[in-house]
Every structure is written in C-alpha cells, then in structure tokens.
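Undergrad: Take a look at the following structure, please.
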Amino acid sequence: MLLAIFVGDAYAQRSRHKARSRQKTVRTVKRAKHKSHKRTARYRSKTRKRTPVDPTLRDPFYVPSELQCEDTCSHVHGIDLSHYQGQVFWEHVGQNTKMSYVYLKATEGGDRIDDRYERNIQLAHRHGIKVGSYHFFRPKTSAIEQLRNFKMQCRPSEQDLIPMIDIETTGGLPSAEFCDSLIKFLGMVEKEYHQPPLLYTFRNFYNWHLQGKVNDYKLMIAMYQPEEPVLEDGRDITMWQYTSKGRLKGISGYVDKSRFMGNHGLKEIRFRHFHLVETATPQYERASGQTKQRSL
C-alpha cells in the first residue's frame, strides 16, 4: 500500500516537472519571436523613407491658408484683441509680415480692466508689433471715472499708436445726451494724452448718432461686407474693420481684422511721445490689484 502511494507521488511530481518545462520552453520561444519582431521593426523604421512634416501642422492654432483680404491687396493691415481671444502665441503673430499693428483692449467703463492686457502688450512689443490700446465707452458712467480707469492701464511709454475709443452703445440715452457725454470724455482723453484719439464704431451707429458730432477725430469703421464702407455724410474713413471672423496663426478662434483706407497709413495714428511725468498707477500696483478694478 505504501509502495503504491510512493510510486503515485513520484509520477505526479514528474508530470508537474514536465509541464513546467513545457511552459518555460513556450515562454522562451515567445520571447525570442518578440525580440526578432522588434529587431525587424527597428530595421524597417530606419530604412523606410520618411515624408517630411510641415512644422506648422504641429501648432494647435494653425489654420490652413485661405484667401483673405491681406492676400489680395497692398493696404496696411492689423488686428484688435481682448481677453475673448484667450492665450495668444505672439511669436507666431510677430512672424506674420502682413499684420503691422494691433489694438489691445485695456479697459471698459469706470472699473473694468482686460485681464489679458498686461501680458499681451508686453509680448506684442517683444515680437516687434506696433501697439495701441482702446477703451470701451459706457455713456452712463462718469467720464472722470472712465478716464482714471483708462490712464491706469494705457501708459504713454507703452504706446506706439494713439488711443482708440470703442463706441458701440448709447446706454439707453437719447442721442443728444449720449453725444454730450461722449464729447466730454473725448476732450478729456485728448487733453490727457495731448493728441486726439481714434474713434471706433459701426457704420450704422455713426450714421444714426454721430454725424457732424466728431468731425475732428479719425475713424475706424466696422462693416462686414465685401464693399468698402461709405458714410452718409461723406466723412473720410481712416481705417476699416472688414471682418470679425479673421483667422491668424497663433490665435485660437476668430479675430477682428482691419486695414487702412485709401492712401492712409500708420504714420497718421503714430503716438507722439512727450517728455512728461506719467501720473498713472505704477505697473506693480496694477498687477497687485490695489486699484480696486474688476477684470473683464
């Protein structure tokens, strides 16, 4: 009886040993085949001819070239930006030789600032782009408060182009009252910066509310149609914002594009620098949030 048990155990052990040996053999063969495949794949990858890849395709904001206004004319072109465009890759924008200037949103009303302004103006300068700043006008807000807000961001030493005032709403005021508020503010801006600002508005808004009221100021007119804008009173237009759906490498999504009209050019909106002491809040105070402004 004991002999039978001993023989049975020995047989079971030999069977398990053989099974383990077979498993080891199978694993060894699989490893050898895997290494062989890897060596073959490496050899093929080295010998296979690779098609060169356009580096611009690695840019997540790259847009395939489409025929745009700047591709079909010889006028001076530029863009305007605000926080709505998010992060801008200025190294790509600076490489675009067809974009000569940029207007950056600095402020709105009496207490709102654009939280991208500081970064955008520094990087735009670093990459060689002519820069101007603009303020979104709120007719019902005190002109003094709006000027103070704009001064704290739009420092003369950082400007290449004259300030621009964005005029798009009457704030619910009658035209006469709205124009009184606007003219007062424009006079204050001109006195502060010693040069009249550029006015931005839409063609219809100008025709309805501003005819004959702002004749001493240069105009950038927004109209998104193929033909050039013409105002009812025949006023000369310095610049035309021709699209709000432009595309530009380095900017995600749409961007506003503009160009000079006729024989107008950059020298007409160049910021004239005077050797004056700036009274605006220093940059370190602006960055610290001590000015009690609200970001847009």
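Quick note on naming: the chains in the structure tokens go A, B, ... in the order shown, residues restart at 1 in each chain, and ligands are numbered from 1 in order of appearance.
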Mind checking which residues fall within 12 Å of Ser74 of chain A, counting only C-alpha atoms, ignoring those fewer than 6 positions away in the same chain, and posting them as an mmCIF file with C-alpha atoms, in the first residue's frame?

TA:
```
data_model
loop_
_atom_site.group_PDB
_atom_site.id
_atom_site.type_symbol
_atom_site.label_atom_id
_atom_site.label_comp_id
_atom_site.auth_asym_id
_atom_site.auth_seq_id
_atom_site.Cartn_x
_atom_site.Cartn_y
_atom_site.Cartn_z
ATOM 1 C CA LYS A 98 1.098 91.176 -43.299
ATOM 2 C CA MET A 99 -0.047 92.253 -39.807
ATOM 3 C CA ARG A 259 -6.867 97.856 -42.719
ATOM 4 C CA PHE A 260 -6.182 101.428 -43.744
ATOM 5 C CA MET A 261 -8.371 103.007 -46.385
ATOM 6 C CA GLY A 262 -7.084 104.727 -49.498
ATOM 7 C CA ASN A 263 -3.709 106.360 -49.010
ATOM 8 C CA HIS A 264 -3.915 106.425 -45.211
ATOM 9 C CA GLY A 265 -1.103 104.753 -43.274
#
```

Undergrad: With DSSP run on the backbone, what are the strand (DSSP E) residues within segment 42-222 of chain A? I'd like them as JSON, numbers by chain.

TA: {"A": [77, 78, 79, 80, 81, 99, 100, 101, 102, 103, 104, 105, 106, 107, 108, 112, 113, 130, 131, 132, 133, 134, 135, 136, 164, 165, 166, 198, 199, 200, 201, 202, 219, 220, 221, 222]}

Undergrad: Residues within 6 Å of Pro197 of chain A, please, as a list in words. Count only C-alpha atoms; anything in the same chain fewer than 6 positions from it doesn't count.

TA: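 Answer for this query is Ile162, Pro163 and Met164 of chain A.
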
Undergrad: I'd like the neighbourhood of Lys267 of chain A as JSON, numbers by chain, where a residue qualifies if any of its atoms comes within 12 Å (using only C-alpha atoms), though same-chain residues fewer than 3 positions away should be ignored.

TA: {"A": [76, 100, 101, 130, 160, 161, 162, 238, 260, 263, 264, 270, 271, 272]}

Undergrad: Considering only C-alpha atoms, return as number ranges by chain whatever protein or nucleic-acid residues lie within 12 Å of Tyr254 of chain A, sequence-local ones (same chain, fewer than 5 positions apart) excluded.

TA: A: 61, 63, 79-82, 84-86, 88, 243-249

Undergrad: Save out the residues we just selected, N, CA and C atoms, as a PDB file, in the first residue's frame.

TA:
```
ATOM      1  N   PHE A  61      -2.993  75.920 -33.176  1.00  0.00           N
ATOM      2  CA  PHE A  61      -3.791  77.037 -33.666  1.00  0.00           C
ATOM      3  C   PHE A  61      -3.538  77.312 -35.149  1.00  0.00           C
ATOM      4  N   VAL A  63      -4.052  77.433 -38.925  1.00  0.00           N
ATOM      5  CA  VAL A  63      -5.210  77.391 -39.816  1.00  0.00           C
ATOM      6  C   VAL A  63      -4.694  77.325 -41.248  1.00  0.00           C
ATOM      7  N   ILE A  79      -4.873  93.976 -36.449  1.00  0.00           N
ATOM      8  CA  ILE A  79      -5.910  93.267 -35.708  1.00  0.00           C
ATOM      9  C   ILE A  79      -6.216  94.015 -34.420  1.00  0.00           C
ATOM     10  N   ASP A  80      -7.328  93.656 -33.783  1.00  0.00           N
ATOM     11  CA  ASP A  80      -7.559  94.099 -32.411  1.00  0.00           C
ATOM     12  C   ASP A  80      -7.947  92.889 -31.573  1.00  0.00           C
ATOM     13  N   LEU A  81      -7.512  92.912 -30.314  1.00  0.00           N
ATOM     14  CA  LEU A  81      -7.647  91.753 -29.435  1.00  0.00           C
ATOM     15  C   LEU A  81      -8.162  92.160 -28.061  1.00  0.00           C
ATOM     16  N   SER A  82      -8.780  91.188 -27.400  1.00  0.00           N
ATOM     17  CA  SER A  82      -9.174  91.353 -26.000  1.00  0.00           C
ATOM     18  C   SER A  82      -9.047  89.988 -25.325  1.00  0.00           C
ATOM     19  N   TYR A  84     -11.188  87.888 -24.968  1.00  0.00           N
ATOM     20  CA  TYR A  84     -12.012  86.889 -25.645  1.00  0.00           C
ATOM     21  C   TYR A  84     -11.173  85.937 -26.499  1.00  0.00           C
ATOM     22  N   GLN A  85     -10.003  86.391 -26.964  1.00  0.00           N
ATOM     23  CA  GLN A  85      -9.154  85.517 -27.783  1.00  0.00           C
ATOM     24  C   GLN A  85      -8.324  84.549 -26.927  1.00  0.00           C
ATOM     25  N   GLY A  86      -8.366  84.699 -25.622  1.00  0.00           N
ATOM     26  CA  GLY A  86      -7.609  83.796 -24.761  1.00  0.00           C
ATOM     27  C   GLY A  86      -6.115  83.976 -24.928  1.00  0.00           C
ATOM     28  N   VAL A  88      -2.627  84.091 -26.563  1.00  0.00           N
ATOM     29  CA  VAL A  88      -2.125  84.376 -27.909  1.00  0.00           C
ATOM     30  C   VAL A  88      -0.660  83.985 -27.982  1.00  0.00           C
ATOM     31  N   THR A 243     -13.701  92.504 -41.016  1.00  0.00           N
ATOM     32  CA  THR A 243     -14.212  91.195 -40.610  1.00  0.00           C
ATOM     33  C   THR A 243     -14.038  90.999 -39.109  1.00  0.00           C
ATOM     34  N   SER A 244     -14.958  90.255 -38.537  1.00  0.00           N
ATOM     35  CA  SER A 244     -14.834  89.824 -37.137  1.00  0.00           C
ATOM     36  C   SER A 244     -14.532  88.330 -37.079  1.00  0.00           C
ATOM     37  N   LYS A 245     -14.322  87.726 -38.256  1.00  0.00           N
ATOM     38  CA  LYS A 245     -14.082  86.293 -38.324  1.00  0.00           C
ATOM     39  C   LYS A 245     -12.801  85.981 -39.087  1.00  0.00           C
ATOM     40  N   GLY A 246     -11.789  86.807 -38.828  1.00  0.00           N
ATOM     41  CA  GLY A 246     -10.498  86.560 -39.445  1.00  0.00           C
ATOM     42  C   GLY A 246      -9.787  85.400 -38.768  1.00  0.00           C
ATOM     43  N   ARG A 247      -8.829  84.843 -39.475  1.00  0.00           N
ATOM     44  CA  ARG A 247      -8.020  83.746 -38.945  1.00  0.00           C
ATOM     45  C   ARG A 247      -6.559  84.161 -38.986  1.00  0.00           C
ATOM     46  N   LEU A 248      -5.831  83.771 -37.949  1.00  0.00           N
ATOM     47  CA  LEU A 248      -4.425  84.132 -37.879  1.00  0.00           C
ATOM     48  C   LEU A 248      -3.683  83.066 -37.086  1.00  0.00           C
ATOM     49  N   LYS A 249      -2.561  82.620 -37.613  1.00  0.00           N
ATOM     50  CA  LYS A 249      -1.770  81.630 -36.889  1.00  0.00           C
ATOM     51  C   LYS A 249      -1.296  82.215 -35.561  1.00  0.00           C
TER      52      LYS A 249
END
```

Undergrad: From the list A:Leu147, A:Cys154, A:Leu123, A:Ile129, which residue is nearest Gly110 of chain A when using only C-alpha atoms?

TA: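 Of all the options, A:Leu147 lies closest to Gly110 of chain A.
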
Undergrad: Taking the DSSP secondary structure from the backbone, can you list the residues of segment 170-251 of chain A that are helix (DSSP H, G or I), as a PyMOL selection string?

TA: chain A and resi 175-193+203-210

Undergrad: For the atom pair atom CA of Gln241 of chain A and atom CA of Ile221 of chain A, what is the interatomic distance in Å to one decimal place?

TA: 6.0 Å

Undergrad: Name the closest residue to Tyr217 of chain A among the candidates A:Glu168, A:Glu108, A:Glu268, A:Asp180; distances are taken between atoms, counting only C-alpha atoms.

TA: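 Looking at the shortest contact to Tyr217 of chain A, the residue is A:Glu268.
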
Undergrad: Which residues, written as a PyMOL selection string, have at least one atom at most 12 Å from His273 of chain A, with only C-alpha atoms counted and residues fewer than 6 positions away on the same chain left out?

TA: chain A and resi 155-162+193-195

Undergrad: Restrict the selected residues to C-alpha atoms and save them as a CSV table (one decimal), in the first residue's frame.

TA:
```csv
chain,number,residue,atom,x,y,z
A,155,ARG,CA,0.6,104.3,-20.1
A,156,PRO,CA,2.1,106.6,-22.8
A,157,SER,CA,5.5,105.0,-22.6
A,158,GLU,CA,4.0,101.7,-23.7
A,159,GLN,CA,2.1,103.1,-26.7
A,160,ASP,CA,3.1,103.1,-30.4
A,161,LEU,CA,-0.4,104.2,-31.6
A,162,ILE,CA,-2.8,106.8,-30.4
A,193,TYR,CA,-2.6,112.3,-24.0
A,194,HIS,CA,-2.0,115.5,-25.9
A,195,GLN,CA,-3.5,114.1,-29.1
```

Undergrad: Hey, what's within 9 Å of Ala143 of chain A if we count only C-alpha atoms and toss same-chain stuff fewer than 3 positions away? As a short mmCIF file (atom, residue, chain, number, x, y, z; two decimals) with N, CA and C atoms, in the first residue's frame, please?

TA:
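The resulting file, result_36.cif, is shown below:
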```
data_model
loop_
_atom_site.label_atom_id
_atom_site.label_comp_id
_atom_site.auth_asym_id
_atom_site.auth_seq_id
_atom_site.Cartn_x
_atom_site.Cartn_y
_atom_site.Cartn_z
N GLY A 109 -15.62 101.11 -19.28
CA GLY A 109 -16.33 101.83 -18.24
C GLY A 109 -15.40 102.41 -17.18
N GLY A 110 -15.91 102.45 -15.94
CA GLY A 110 -15.16 103.10 -14.88
C GLY A 110 -14.31 102.18 -14.03
N ARG A 138 -18.70 103.69 -21.89
CA ARG A 138 -20.01 103.48 -21.27
C ARG A 138 -20.64 104.85 -20.99
N PRO A 139 -21.64 105.24 -21.80
CA PRO A 139 -22.18 106.61 -21.72
C PRO A 139 -22.72 107.02 -20.35
N LYS A 140 -23.24 106.09 -19.58
CA LYS A 140 -23.84 106.44 -18.29
C LYS A 140 -22.83 106.50 -17.14
N GLN A 146 -14.04 106.98 -15.96
CA GLN A 146 -13.58 106.24 -17.14
C GLN A 146 -12.16 106.65 -17.53
N LEU A 147 -11.88 107.95 -17.47
CA LEU A 147 -10.53 108.40 -17.81
C LEU A 147 -9.52 107.88 -16.80
N ARG A 148 -9.87 107.90 -15.52
CA ARG A 148 -8.97 107.40 -14.50
C ARG A 148 -8.68 105.91 -14.72
N SER A 181 -22.19 113.36 -23.46
CA SER A 181 -21.34 112.54 -22.60
C SER A 181 -20.07 112.10 -23.34
N LEU A 182 -20.23 111.70 -24.60
CA LEU A 182 -19.10 111.23 -25.38
C LEU A 182 -18.11 112.36 -25.66
N LYS A 184 -17.56 115.08 -24.07
CA LYS A 184 -16.86 115.44 -22.84
C LYS A 184 -15.72 114.48 -22.57
N PHE A 185 -15.98 113.21 -22.71
CA PHE A 185 -14.96 112.20 -22.45
C PHE A 185 -13.83 112.29 -23.47
N LEU A 186 -14.16 112.46 -24.75
CA LEU A 186 -13.12 112.55 -25.78
C LEU A 186 -12.21 113.75 -25.53
N MET A 188 -11.46 115.02 -22.65
CA MET A 188 -10.60 114.69 -21.51
C MET A 188 -9.47 113.76 -21.94
#
```

Undergrad: For Gly187 of chain A, which residue out of A:Pro174, A:Asp256, A:Ile144, A:Leu210 is the nearest one, using only C-alpha atoms?

TA: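 Using only C-alpha atoms, the shortest distance to Gly187 of chain A belongs to A:Ile144.
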
Undergrad: Find the residue from A:Arg116, A:Lys151, A:His75, A:Arg126 that sits nearest to Val93 of chain A; use only C-alpha atoms when measuring.

TA: A:Arg126
